[in-house]
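Novice: Data file input.json (JSON, C-alpha atoms) is appended below.
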```
[["chain", "number", "residue", "atom", "x", "y", "z"],
["A", 267, "MET", "CA", 52.25, 9.06, -81.38],
["A", 268, "VAL", "CA", 49.54, 10.20, -78.96],
["A", 269, "GLY", "CA", 46.96, 12.59, -80.43],
["A", 270, "VAL", "CA", 46.56, 16.26, -79.51],
["A", 271, "LYS", "CA", 42.84, 15.70, -78.89],
["A", 272, "PHE", "CA", 43.59, 12.94, -76.37],
["A", 273, "LEU", "CA", 46.11, 15.13, -74.56],
["A", 274, "ARG", "CA", 43.75, 18.11, -74.48],
["A", 275, "SER", "CA", 40.96, 16.03, -72.93],
["A", 276, "HIS", "CA", 42.93, 15.41, -69.72],
["A", 277, "SER", "CA", 43.66, 17.71, -66.83],
["A", 278, "LEU", "CA", 47.46, 17.54, -67.07],
["A", 279, "PHE", "CA", 47.25, 19.44, -70.37],
["A", 280, "GLY", "CA", 44.35, 21.73, -69.44],
["A", 281, "GLY", "CA", 44.71, 25.41, -70.37],
["A", 282, "ILE", "CA", 47.78, 24.83, -72.54],
["A", 283, "SER", "CA", 47.98, 26.70, -75.86],
["A", 284, "ASP", "CA", 48.33, 24.99, -79.25],
["A", 285, "GLU", "CA", 51.94, 26.19, -79.36],
["A", 286, "GLY", "CA", 52.51, 24.67, -75.92],
["A", 287, "ILE", "CA", 51.11, 21.29, -76.99],
["A", 288, "GLU", "CA", 53.41, 21.36, -80.04],
["A", 289, "ILE", "CA", 56.41, 21.91, -77.74],
["A", 290, "ILE", "CA", 55.36, 19.09, -75.37],
["A", 291, "LYS", "CA", 54.43, 16.44, -77.96],
["A", 292, "PRO", "CA", 57.89, 15.63, -79.33],
["A", 293, "LEU", "CA", 59.26, 15.38, -75.76],
["A", 294, "LEU", "CA", 56.74, 12.71, -74.71],
["A", 295, "LYS", "CA", 58.21, 9.21, -74.57],
["A", 296, "GLU", "CA", 55.80, 6.32, -75.12],
["A", 297, "GLU", "CA", 56.42, 3.38, -72.79],
["A", 298, "HIS", "CA", 54.75, -0.03, -72.47],
["A", 299, "PHE", "CA", 54.44, -2.14, -69.33],
["A", 300, "SER", "CA", 53.03, -5.66, -68.88],
["A", 301, "ARG", "CA", 50.35, -6.57, -66.35],
["A", 302, "GLY", "CA", 51.98, -7.13, -62.96],
["A", 303, "GLU", "CA", 55.11, -5.13, -63.81],
["A", 304, "ASP", "CA", 56.43, -2.48, -61.38],
["A", 305, "ILE", "CA", 56.64, 0.79, -63.32],
["A", 306, "VAL", "CA", 58.25, 2.66, -60.44],
["A", 307, "ARG", "CA", 59.38, 1.30, -57.07],
["A", 308, "GLU", "CA", 58.99, 2.97, -53.67],
["A", 309, "GLY", "CA", 62.27, 4.42, -52.38],
["A", 310, "GLU", "CA", 64.04, 4.46, -55.76],
["A", 311, "SER", "CA", 65.11, 7.70, -57.39],
["A", 312, "GLY", "CA", 63.28, 8.86, -60.49],
["A", 313, "ASP", "CA", 62.29, 12.16, -62.04],
["A", 314, "ARG", "CA", 59.83, 10.96, -64.66],
["A", 315, "LEU", "CA", 56.13, 11.80, -64.76],
["A", 316, "TYR", "CA", 53.78, 9.26, -66.41],
["A", 317, "PHE", "CA", 50.46, 9.87, -68.12],
["A", 318, "ILE", "CA", 48.31, 6.73, -68.60],
["A", 319, "CYS", "CA", 47.01, 6.29, -72.17],
["A", 320, "GLU", "CA", 45.90, 2.65, -71.85],
["A", 321, "GLY", "CA", 45.42, 0.28, -68.93],
["A", 322, "SER", "CA", 45.39, 0.94, -65.19],
["A", 323, "VAL", "CA", 47.80, 0.83, -62.25],
["A", 324, "GLU", "CA", 47.70, 0.42, -58.49],
["A", 325, "ILE", "CA", 49.64, 2.64, -56.09],
["A", 326, "LEU", "CA", 51.21, 0.51, -53.38],
["A", 327, "LYS", "CA", 52.74, 1.70, -50.12],
["A", 328, "GLU", "CA", 54.93, -0.42, -47.87],
["A", 329, "ILE", "CA", 53.35, -1.07, -44.47],
["A", 330, "LYS", "CA", 55.28, -2.30, -41.46],
["A", 331, "THR", "CA", 53.44, -5.16, -39.83],
["A", 332, "PRO", "CA", 54.34, -7.27, -36.80],
["A", 333, "ASP", "CA", 55.39, -10.00, -39.28],
["A", 334, "GLY", "CA", 57.56, -7.78, -41.50],
["A", 335, "VAL", "CA", 56.56, -5.61, -44.44],
["A", 336, "ALA", "CA", 53.37, -5.77, -46.52],
["A", 337, "GLN", "CA", 52.00, -3.55, -49.31],
["A", 338, "GLY", "CA", 48.73, -1.62, -49.02],
["A", 339, "VAL", "CA", 46.80, -0.19, -51.97],
["A", 340, "LEU", "CA", 46.61, 3.63, -51.68],
["A", 341, "ALA", "CA", 44.79, 4.20, -54.99],
["A", 342, "ILE", "CA", 43.99, 2.81, -58.43],
["A", 343, "LEU", "CA", 44.66, 5.04, -61.44],
["A", 344, "GLU", "CA", 43.09, 4.79, -64.88],
["A", 345, "ILE", "CA", 43.40, 6.27, -68.38],
["A", 346, "GLY", "CA", 44.08, 10.03, -68.24],
["A", 347, "ASP", "CA", 45.56, 9.88, -64.73],
["A", 348, "THR", "CA", 49.17, 10.76, -63.97],
["A", 349, "PHE", "CA", 51.72, 9.39, -61.54],
["A", 350, "GLY", "CA", 55.27, 10.37, -60.64],
["A", 351, "GLU", "CA", 54.36, 14.05, -60.40],
["A", 352, "MET", "CA", 55.44, 14.33, -56.77],
["A", 353, "GLU", "CA", 59.01, 13.27, -57.59],
["A", 354, "LEU", "CA", 59.10, 15.66, -60.55],
["A", 355, "ILE", "CA", 57.99, 18.49, -58.25],
["A", 356, "ASP", "CA", 59.92, 17.85, -55.05],
["A", 357, "ILE", "CA", 62.96, 15.87, -56.35],
["A", 358, "GLN", "CA", 62.67, 13.20, -53.68],
["A", 359, "CYS", "CA", 62.57, 9.41, -53.95],
["A", 360, "ARG", "CA", 59.51, 7.58, -55.24],
["A", 361, "SER", "CA", 56.91, 7.73, -52.50],
["A", 362, "ALA", "CA", 55.14, 4.53, -53.56],
["A", 363, "THR", "CA", 55.35, 1.59, -55.93],
["A", 364, "VAL", "CA", 53.20, 1.77, -59.08],
["A", 365, "ARG", "CA", 52.25, -1.63, -60.53],
["A", 366, "ALA", "CA", 50.43, -2.30, -63.82],
["A", 367, "LEU", "CA", 47.01, -3.91, -63.20],
["A", 368, "LYS", "CA", 46.54, -4.40, -66.96],
["A", 369, "ASP", "CA", 48.98, -3.92, -69.87],
["A", 370, "VAL", "CA", 49.80, -0.22, -69.74],
["A", 371, "THR", "CA", 50.77, 2.34, -72.36],
["A", 372, "ALA", "CA", 52.01, 5.59, -70.86],
["A", 373, "GLN", "CA", 53.56, 8.82, -72.10],
["A", 374, "SER", "CA", 56.32, 10.11, -69.89],
["A", 375, "LEU", "CA", 58.13, 13.41, -69.37],
["A", 376, "SER", "CA", 61.41, 13.79, -67.45],
["A", 377, "ASN", "CA", 62.68, 16.66, -65.34],
["A", 378, "LYS", "CA", 65.05, 17.50, -68.24],
["A", 379, "ASP", "CA", 62.04, 17.72, -70.59],
["A", 380, "MET", "CA", 60.41, 20.12, -68.12],
["A", 381, "LEU", "CA", 63.55, 22.27, -68.21],
["A", 382, "THR", "CA", 63.31, 22.33, -72.02],
["A", 383, "ILE", "CA", 59.69, 23.48, -71.73],
["A", 384, "TYR", "CA", 60.67, 26.09, -69.09],
["A", 385, "LYS", "CA", 63.31, 27.55, -71.40],
["A", 386, "SER", "CA", 61.18, 27.61, -74.54],
["A", 387, "ASP", "CA", 57.72, 28.51, -73.20],
["A", 388, "LEU", "CA", 57.40, 29.71, -69.60],
["A", 389, "GLU", "CA", 53.60, 30.00, -69.81],
["A", 390, "THR", "CA", 53.24, 26.35, -70.81],
["A", 391, "PHE", "CA", 55.67, 25.28, -68.09],
["A", 392, "THR", "CA", 53.68, 27.27, -65.51],
["A", 393, "MET", "CA", 50.40, 25.74, -66.66],
["A", 394, "ILE", "CA", 51.79, 22.18, -66.39],
["A", 395, "ILE", "CA", 53.12, 22.89, -62.86],
["A", 396, "LEU", "CA", 49.75, 24.38, -61.88],
["A", 397, "ASN", "CA", 47.91, 21.34, -63.28],
["A", 398, "LEU", "CA", 50.27, 18.99, -61.42],
["A", 399, "ALA", "CA", 49.87, 21.00, -58.21],
["A", 400, "ARG", "CA", 46.06, 20.75, -58.55],
["A", 401, "GLU", "CA", 46.33, 16.99, -58.96],
["A", 402, "ILE", "CA", 48.60, 16.64, -55.91],
["A", 403, "SER", "CA", 46.23, 18.88, -53.96],
["A", 404, "ARG", "CA", 43.22, 16.70, -54.91],
["A", 405, "ARG", "CA", 45.10, 13.63, -53.73],
["A", 406, "LEU", "CA", 46.05, 15.33, -50.47],
["A", 407, "ARG", "CA", 42.36, 16.17, -49.87],
["A", 408, "LYS", "CA", 41.46, 12.48, -50.25],
["A", 409, "MET", "CA", 44.29, 11.39, -47.98],
["A", 410, "ASP", "CA", 43.32, 14.00, -45.36],
["A", 411, "VAL", "CA", 39.86, 12.43, -45.26],
["A", 412, "LEU", "CA", 41.34, 8.94, -44.86],
["A", 413, "VAL", "CA", 43.71, 10.12, -42.12],
["A", 414, "GLY", "CA", 40.83, 11.96, -40.48],
["A", 415, "SER", "CA", 38.77, 8.77, -40.33],
["A", 416, "SER", "CA", 41.75, 6.72, -39.14],
["A", 417, "LEU", "CA", 42.29, 9.19, -36.26],
["A", 418, "TYR", "CA", 39.07, 7.99, -34.77],
["A", 419, "SER", "CA", 39.82, 4.28, -35.03],
["A", 420, "ALA", "CA", 43.58, 4.54, -34.43],
["A", 421, "PRO", "CA", 44.40, 7.50, -32.18],
["A", 422, "GLU", "CA", 48.16, 6.71, -32.28],
["A", 423, "ALA", "CA", 48.22, 8.01, -35.89],
["A", 424, "ARG", "CA", 47.93, 11.55, -34.53],
["A", 425, "GLU", "CA", 51.70, 11.99, -34.06],
["B", 68, "MET", "CA", 55.94, 45.32, -42.55],
["B", 69, "VAL", "CA", 57.61, 41.92, -42.78],
["B", 70, "GLY", "CA", 61.31, 41.99, -43.73],
["B", 71, "VAL", "CA", 62.78, 40.74, -47.00],
["B", 72, "LYS", "CA", 65.32, 38.66, -45.06],
["B", 73, "PHE", "CA", 62.54, 36.91, -43.14],
["B", 74, "LEU", "CA", 60.65, 36.14, -46.38],
["B", 75, "ARG", "CA", 63.79, 34.88, -48.12],
["B", 76, "SER", "CA", 64.58, 32.47, -45.29],
["B", 77, "HIS", "CA", 61.40, 30.43, -45.88],
["B", 78, "SER", "CA", 60.57, 27.91, -48.57],
["B", 79, "LEU", "CA", 57.52, 29.76, -49.96],
["B", 80, "PHE", "CA", 59.82, 32.52, -51.20],
["B", 81, "GLY", "CA", 62.78, 30.30, -52.20],
["B", 82, "GLY", "CA", 64.38, 31.03, -55.58],
["B", 83, "ILE", "CA", 62.53, 34.31, -56.05],
["B", 84, "SER", "CA", 64.51, 37.26, -57.44],
["B", 85, "ASP", "CA", 64.90, 40.62, -55.64],
["B", 86, "GLU", "CA", 62.49, 42.11, -58.19],
["B", 87, "GLY", "CA", 60.00, 39.34, -57.44],
["B", 88, "ILE", "CA", 60.17, 39.99, -53.68],
["B", 89, "GLU", "CA", 59.57, 43.70, -54.34],
["B", 90, "ILE", "CA", 56.42, 42.82, -56.32],
["B", 91, "ILE", "CA", 55.12, 40.45, -53.62],
["B", 92, "LYS", "CA", 55.84, 42.61, -50.54],
["B", 93, "PRO", "CA", 53.24, 45.35, -51.07],
["B", 94, "LEU", "CA", 50.57, 42.70, -51.80],
["B", 95, "LEU", "CA", 51.08, 40.91, -48.47],
["B", 96, "LYS", "CA", 48.35, 41.64, -45.93],
["B", 97, "GLU", "CA", 49.32, 41.37, -42.26],
["B", 98, "GLU", "CA", 46.66, 39.72, -40.12],
["B", 99, "HIS", "CA", 46.45, 38.98, -36.39],
["B", 100, "PHE", "CA", 44.54, 36.15, -34.70],
["B", 101, "SER", "CA", 44.05, 35.41, -31.01],
["B", 102, "ARG", "CA", 44.80, 32.09, -29.38],
["B", 103, "GLY", "CA", 41.86, 29.72, -29.92],
["B", 104, "GLU", "CA", 40.51, 31.65, -32.92],
["B", 105, "ASP", "CA", 39.57, 29.79, -36.13],
["B", 106, "ILE", "CA", 41.54, 31.41, -38.96],
["B", 107, "VAL", "CA", 39.84, 29.33, -41.64],
["B", 108, "ARG", "CA", 37.01, 26.83, -41.26],
["B", 109, "GLU", "CA", 36.61, 23.46, -42.99],
["B", 110, "GLY", "CA", 34.03, 23.58, -45.80],
["B", 111, "GLU", "CA", 34.00, 27.37, -46.15],
["B", 112, "SER", "CA", 35.14, 29.06, -49.34],
["B", 113, "GLY", "CA", 38.39, 31.00, -49.30],
["B", 114, "ASP", "CA", 41.18, 31.75, -51.71],
["B", 115, "ARG", "CA", 43.75, 33.19, -49.31],
["B", 116, "LEU", "CA", 47.14, 31.69, -48.55],
["B", 117, "TYR", "CA", 48.65, 32.39, -45.09],
["B", 118, "PHE", "CA", 52.30, 32.51, -44.11],
["B", 119, "ILE", "CA", 52.94, 32.27, -40.33],
["B", 120, "CYS", "CA", 55.25, 35.02, -38.99],
["B", 121, "GLU", "CA", 54.50, 34.54, -35.27],
["B", 122, "GLY", "CA", 52.72, 31.86, -33.26],
["B", 123, "SER", "CA", 51.51, 28.40, -34.28],
["B", 124, "VAL", "CA", 48.31, 26.75, -35.50],
["B", 125, "GLU", "CA", 46.69, 23.33, -35.52],
["B", 126, "ILE", "CA", 45.07, 21.80, -38.60],
["B", 127, "LEU", "CA", 41.79, 20.14, -37.62],
["B", 128, "LYS", "CA", 39.73, 17.75, -39.70],
["B", 129, "GLU", "CA", 36.15, 16.77, -38.92],
["B", 130, "ILE", "CA", 35.75, 13.10, -38.09],
["B", 131, "LYS", "CA", 32.43, 11.27, -38.09],
["B", 132, "THR", "CA", 32.07, 9.23, -34.94],
["B", 133, "PRO", "CA", 29.20, 7.03, -33.74],
["B", 134, "ASP", "CA", 28.24, 9.93, -31.41],
["B", 135, "GLY", "CA", 28.31, 12.68, -34.07],
["B", 136, "VAL", "CA", 31.25, 14.73, -35.29],
["B", 137, "ALA", "CA", 34.61, 15.31, -33.62],
["B", 138, "GLN", "CA", 37.79, 17.10, -34.74],
["B", 139, "GLY", "CA", 41.12, 15.32, -35.18],
["B", 140, "VAL", "CA", 44.50, 17.08, -35.35],
["B", 141, "LEU", "CA", 46.14, 16.46, -38.75],
["B", 142, "ALA", "CA", 49.18, 18.65, -38.15],
["B", 143, "ILE", "CA", 50.67, 21.55, -36.18],
["B", 144, "LEU", "CA", 52.29, 24.39, -38.14],
["B", 145, "GLU", "CA", 54.87, 26.88, -36.87],
["B", 146, "ILE", "CA", 56.64, 30.09, -37.93],
["B", 147, "GLY", "CA", 57.61, 29.95, -41.62],
["B", 148, "ASP", "CA", 54.92, 27.39, -42.50],
["B", 149, "THR", "CA", 52.04, 28.14, -44.86],
["B", 150, "PHE", "CA", 48.41, 27.10, -44.93],
["B", 151, "GLY", "CA", 45.56, 27.70, -47.36],
["B", 152, "GLU", "CA", 47.75, 26.85, -50.36],
["B", 153, "MET", "CA", 45.50, 23.98, -51.47],
["B", 154, "GLU", "CA", 42.50, 26.29, -51.88],
["B", 155, "LEU", "CA", 44.61, 28.83, -53.74],
["B", 156, "ILE", "CA", 45.78, 26.09, -56.11],
["B", 157, "ASP", "CA", 42.62, 24.04, -56.70],
["B", 158, "ILE", "CA", 39.87, 26.61, -56.00],
["B", 159, "GLN", "CA", 37.88, 24.28, -53.76],
["B", 160, "CYS", "CA", 36.52, 24.76, -50.25],
["B", 161, "ARG", "CA", 38.77, 24.81, -47.19],
["B", 162, "SER", "CA", 39.82, 21.20, -46.58],
["B", 163, "ALA", "CA", 40.35, 21.67, -42.84],
["B", 164, "THR", "CA", 39.93, 24.12, -39.98],
["B", 165, "VAL", "CA", 43.01, 26.06, -38.92],
["B", 166, "ARG", "CA", 42.98, 27.23, -35.29],
["B", 167, "ALA", "CA", 45.50, 29.50, -33.56],
["B", 168, "LEU", "CA", 47.36, 27.62, -30.78],
["B", 169, "LYS", "CA", 49.06, 30.88, -29.72],
["B", 170, "ASP", "CA", 48.46, 34.47, -30.81],
["B", 171, "VAL", "CA", 49.30, 34.44, -34.50],
["B", 172, "THR", "CA", 50.64, 37.04, -36.92],
["B", 173, "ALA", "CA", 50.38, 35.96, -40.54],
["B", 174, "GLN", "CA", 50.97, 37.49, -43.95],
["B", 175, "SER", "CA", 48.37, 36.54, -46.51],
["B", 176, "LEU", "CA", 48.07, 36.57, -50.29],
["B", 177, "SER", "CA", 44.79, 36.17, -52.20],
["B", 178, "ASN", "CA", 44.08, 34.59, -55.55],
["B", 179, "LYS", "CA", 43.69, 38.13, -56.95],
["B", 180, "ASP", "CA", 47.18, 39.00, -55.65],
["B", 181, "MET", "CA", 48.51, 35.91, -57.43],
["B", 182, "LEU", "CA", 46.89, 37.14, -60.65],
["B", 183, "THR", "CA", 48.66, 40.49, -60.17],
["B", 184, "ILE", "CA", 51.98, 38.64, -59.78],
["B", 185, "TYR", "CA", 51.19, 36.46, -62.83],
["B", 186, "LYS", "CA", 50.59, 39.54, -64.96],
["B", 187, "SER", "CA", 53.61, 41.51, -63.77],
["B", 188, "ASP", "CA", 56.25, 38.78, -63.35],
["B", 189, "LEU", "CA", 55.55, 35.29, -64.73],
["B", 190, "GLU", "CA", 58.84, 33.89, -63.42],
["B", 191, "THR", "CA", 58.02, 34.91, -59.85],
["B", 192, "PHE", "CA", 54.49, 33.52, -60.18],
["B", 193, "THR", "CA", 55.90, 30.22, -61.48],
["B", 194, "MET", "CA", 58.39, 30.00, -58.62],
["B", 195, "ILE", "CA", 55.66, 30.60, -56.00],
["B", 196, "ILE", "CA", 53.45, 27.90, -57.57],
["B", 197, "LEU", "CA", 56.40, 25.50, -57.68],
["B", 198, "ASN", "CA", 57.20, 26.23, -54.00],
["B", 199, "LEU", "CA", 53.54, 25.69, -53.06],
["B", 200, "ALA", "CA", 53.41, 22.48, -55.08],
["B", 201, "ARG", "CA", 56.52, 21.22, -53.27],
["B", 202, "GLU", "CA", 54.90, 21.97, -49.92],
["B", 203, "ILE", "CA", 51.67, 20.18, -50.88],
["B", 204, "SER", "CA", 53.74, 17.26, -52.16],
["B", 205, "ARG", "CA", 55.66, 17.03, -48.87],
["B", 206, "ARG", "CA", 52.37, 16.96, -46.98],
["B", 207, "LEU", "CA", 50.97, 14.27, -49.28],
["B", 208, "ARG", "CA", 54.06, 12.14, -48.61],
["B", 209, "LYS", "CA", 53.42, 12.39, -44.86],
["B", 210, "MET", "CA", 49.74, 11.59, -45.28],
["B", 211, "ASP", "CA", 50.55, 8.61, -47.54],
["B", 212, "VAL", "CA", 52.67, 7.20, -44.72],
["B", 213, "LEU", "CA", 49.84, 7.70, -42.21],
["B", 214, "VAL", "CA", 47.29, 6.13, -44.56],
["B", 215, "GLY", "CA", 49.73, 3.30, -45.23],
["B", 216, "SER", "CA", 49.99, 2.55, -41.51],
["B", 217, "SER", "CA", 46.23, 2.87, -41.02],
["B", 218, "LEU", "CA", 45.63, 0.31, -43.81],
["B", 219, "TYR", "CA", 47.13, -2.33, -41.59],
["B", 220, "SER", "CA", 45.08, -1.50, -38.52],
["B", 221, "ALA", "CA", 41.89, -0.44, -40.37],
["B", 222, "PRO", "CA", 41.50, -2.38, -43.64],
["B", 223, "GLU", "CA", 38.19, -0.63, -44.43],
["B", 224, "ALA", "CA", 40.16, 2.57, -45.23],
["B", 225, "ARG", "CA", 41.36, 0.98, -48.46],
["B", 226, "GLU", "CA", 38.32, 2.07, -50.46]]
```
Please render this file's structure as structure tokens.

Specialist:
Amino acid sequence: MVGVKFLRSHSLFGGISDEGIEIIKPLLKEEHFSRGEDIVREGESGDRLYFICEGSVEILKEIKTPDGVAQGVLAILEIGDTFGEMELIDIQCRSATVRALKDVTAQSLSNKDMLTIYKSDLETFTMIILNLAREISRRLRKMDVLVGSSLYSAPEARE
Amino acid sequence: MVGVKFLRSHSLFGGISDEGIEIIKPLLKEEHFSRGEDIVREGESGDRLYFICEGSVEILKEIKTPDGVAQGVLAILEIGDTFGEMELIDIQCRSATVRALKDVTAQSLSNKDMLTIYKSDLETFTMIILNLAREISRRLRKMDVLVGSSLYSAPEARE
């Protein structure tokens, strides 16, 4: 099982009390994925958040091209990073495909687990949501910069 | 003062109890901006969230061009939309400039107001954060699509 110290050292678990960590730990599900495997697929449903303990992943977005559909790399995530938080927050389909670049070990939490945390410790639930919101916000800042630069080279993106 | 019914009909205040609305209402600060006025400026500090009650705004991002710096339009926001939530969540500088496209009336909440809500009603605080996180997530989804399409036309954006 993943250690408390490891959890504490990453932003997803920042500001959470010892009692909170003890509530979260037994809910975490350890999962293993092989290099090249799709952990989540764009467009599919899914309410599970993943926290990378070993390995790395690439975030792939489908791109329409004149020849059909290709995949572009939006980001690469490493140990301590999370993915799947958007679907946990907004209950929509997976916004991108996440593929293992190396063998990956991840801890995951489902929407149901979050409900368990909400019911047993509202402060811990709130802190997790705030940490996830900060992470999504950081990503949006990066994407805003990329969109900003693409506006110059590709004005049709403005719509 | 803005009406409870108006607040309730917009996503920022979704799922909040009557008691929660009563706590939030007296904290809201009504502000007026003239057409063409910058409400917030990219790069400046600011911890205030704005909720548009009248008018509309454009979200402008600085773009480096060979001739200097220009501004590109990332989005246009209307009545019921919010802006400034990223800075409230992640305590960083304003990620973009927000300019009034028409005369604007907005209700605003500061970080200090959020602390007041946190202390007096944790459930309401949690619901606001969750609503803000959903909004940021929706925006990130849109930006991911734009970045995805720009990857095809501008491969250098991949970094």

Novice: Which one is closest to Tyr117 (chain B): B:Gly215, B:Gly139, B:Gly70, B:Gly151? Count all atoms listed in the file.

Specialist: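 Residue with the minimum atom-to-atom distance to Tyr117 (chain B): B:Gly151.
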
Novice: Considering only C-alpha atoms, can you say which of B:Ile156, B:Ile184, B:Val107, B:Ile195 comes closest to chain A?

Specialist: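 Closest candidate: B:Ile156.
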
Novice: Please, which residues of chain A lie no more than 7 Å from chain B when the count uses all atoms listed in the file, and can they be set out as a PyMOL selection string?

Specialist: chain A and resi 327-329+338-340+352+355-356+361+392+395-396+399-400+402-403+406-407+409-410+412-418+423-424

Novice: CA of Ser374 (chain A) to CA of Phe349 (chain A): how many Å, to one decimal?

Specialist: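 These atoms are spaced 9.6 Å apart.
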
Novice: If we count only C-alpha atoms, what is near Glu288 (chain A) at a cut-off of 12 Å, once residues fewer than 3 positions away on the same chain are taken out, given as number ranges by chain?

Specialist: A: 268-270, 273-274, 279, 282-285, 291-294, 383, 386-387, 390

Novice: Could you check how far CA of Lys271 (chain A) sits from CA of Phe299 (chain A), in Å to one decimal?

Specialist: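 Value for the CA of Lys271 (chain A)-CA of Phe299 (chain A) distance: 23.3 Å.
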
Novice: So the first atom is CA of Val323 (chain A) and the second is CA of Glu297 (chain A); what is the distance between them in Å, to one decimal place?

Specialist: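 CA of Glu297 (chain A) lies 13.9 Å from CA of Val323 (chain A).
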
Novice: List every protein, DNA or RNA residue that has an atom no more than 6 Å from (56.2, 31.9, -45.8) in the file's coordinate frame, counting only C-alpha atoms, and report them as a list in words.

Specialist: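 Nearby residues: His77, Leu79, Phe118, Gly147, Asp148 and Thr149 of chain B.
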
Novice: Which is closer to Glu111 (chain B) than all the others in B:Leu176, B:Cys160, B:Ile91, B:Ala167, using all atoms listed in the file?

Specialist: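 Once distances to Glu111 (chain B) are computed over all atoms listed in the file, the minimum belongs to B:Cys160.
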
Novice: When you look at Ser376 (chain A) with a cut-off of 7 Å (counting all atoms listed in the file), what residues show up, excluding the ones that are within fewer than 6 positions of it in the same chain? I need them as a list in words.

Specialist: Asp313, Arg314 and Leu315 of chain A

Novice: For region 374-391 of chain A in the structure I just supplied, write out N, CA and C atoms - as a compact mmCIF listing (two decimals), in the first residue's frame.

Specialist:
```txt
# COMPACT_ATOMS: atom_id res chain seq x y z
N SER A 374 -6.06 5.01 -7.54
CA SER A 374 -7.24 5.68 -8.06
C SER A 374 -8.33 5.83 -7.01
N LEU A 375 -9.16 6.83 -7.23
CA LEU A 375 -10.32 7.13 -6.37
C LEU A 375 -11.52 7.33 -7.29
N SER A 376 -12.66 6.74 -6.96
CA SER A 376 -13.86 6.91 -7.78
C SER A 376 -14.75 8.00 -7.20
N ASN A 377 -15.75 8.36 -7.97
CA ASN A 377 -16.75 9.33 -7.50
C ASN A 377 -17.44 8.81 -6.23
N LYS A 378 -17.68 7.50 -6.18
CA LYS A 378 -18.31 6.88 -5.00
C LYS A 378 -17.40 7.05 -3.77
N ASP A 379 -16.09 6.86 -3.98
CA ASP A 379 -15.14 7.07 -2.88
C ASP A 379 -15.22 8.51 -2.39
N MET A 380 -15.35 9.44 -3.33
CA MET A 380 -15.43 10.86 -2.95
C MET A 380 -16.69 11.12 -2.12
N LEU A 381 -17.77 10.43 -2.46
CA LEU A 381 -19.01 10.56 -1.69
C LEU A 381 -18.80 10.04 -0.26
N THR A 382 -18.06 8.94 -0.15
CA THR A 382 -17.74 8.38 1.17
C THR A 382 -16.95 9.40 1.99
N ILE A 383 -15.97 10.05 1.33
CA ILE A 383 -15.16 11.06 2.02
C ILE A 383 -16.05 12.25 2.41
N TYR A 384 -16.93 12.67 1.49
CA TYR A 384 -17.85 13.80 1.76
C TYR A 384 -18.67 13.52 3.01
N LYS A 385 -19.18 12.29 3.11
CA LYS A 385 -20.07 11.96 4.23
C LYS A 385 -19.32 11.83 5.55
N SER A 386 -18.05 11.37 5.48
CA SER A 386 -17.36 11.11 6.75
C SER A 386 -16.47 12.27 7.18
N ASP A 387 -16.04 13.12 6.26
CA ASP A 387 -15.13 14.21 6.65
C ASP A 387 -15.21 15.33 5.60
N LEU A 388 -16.13 16.27 5.82
CA LEU A 388 -16.38 17.32 4.84
C LEU A 388 -15.15 18.19 4.60
N GLU A 389 -14.36 18.43 5.66
CA GLU A 389 -13.15 19.27 5.49
C GLU A 389 -12.15 18.62 4.54
N THR A 390 -11.97 17.31 4.68
CA THR A 390 -11.04 16.59 3.79
C THR A 390 -11.57 16.60 2.36
N PHE A 391 -12.87 16.35 2.21
CA PHE A 391 -13.48 16.40 0.88
C PHE A 391 -13.23 17.77 0.23
```
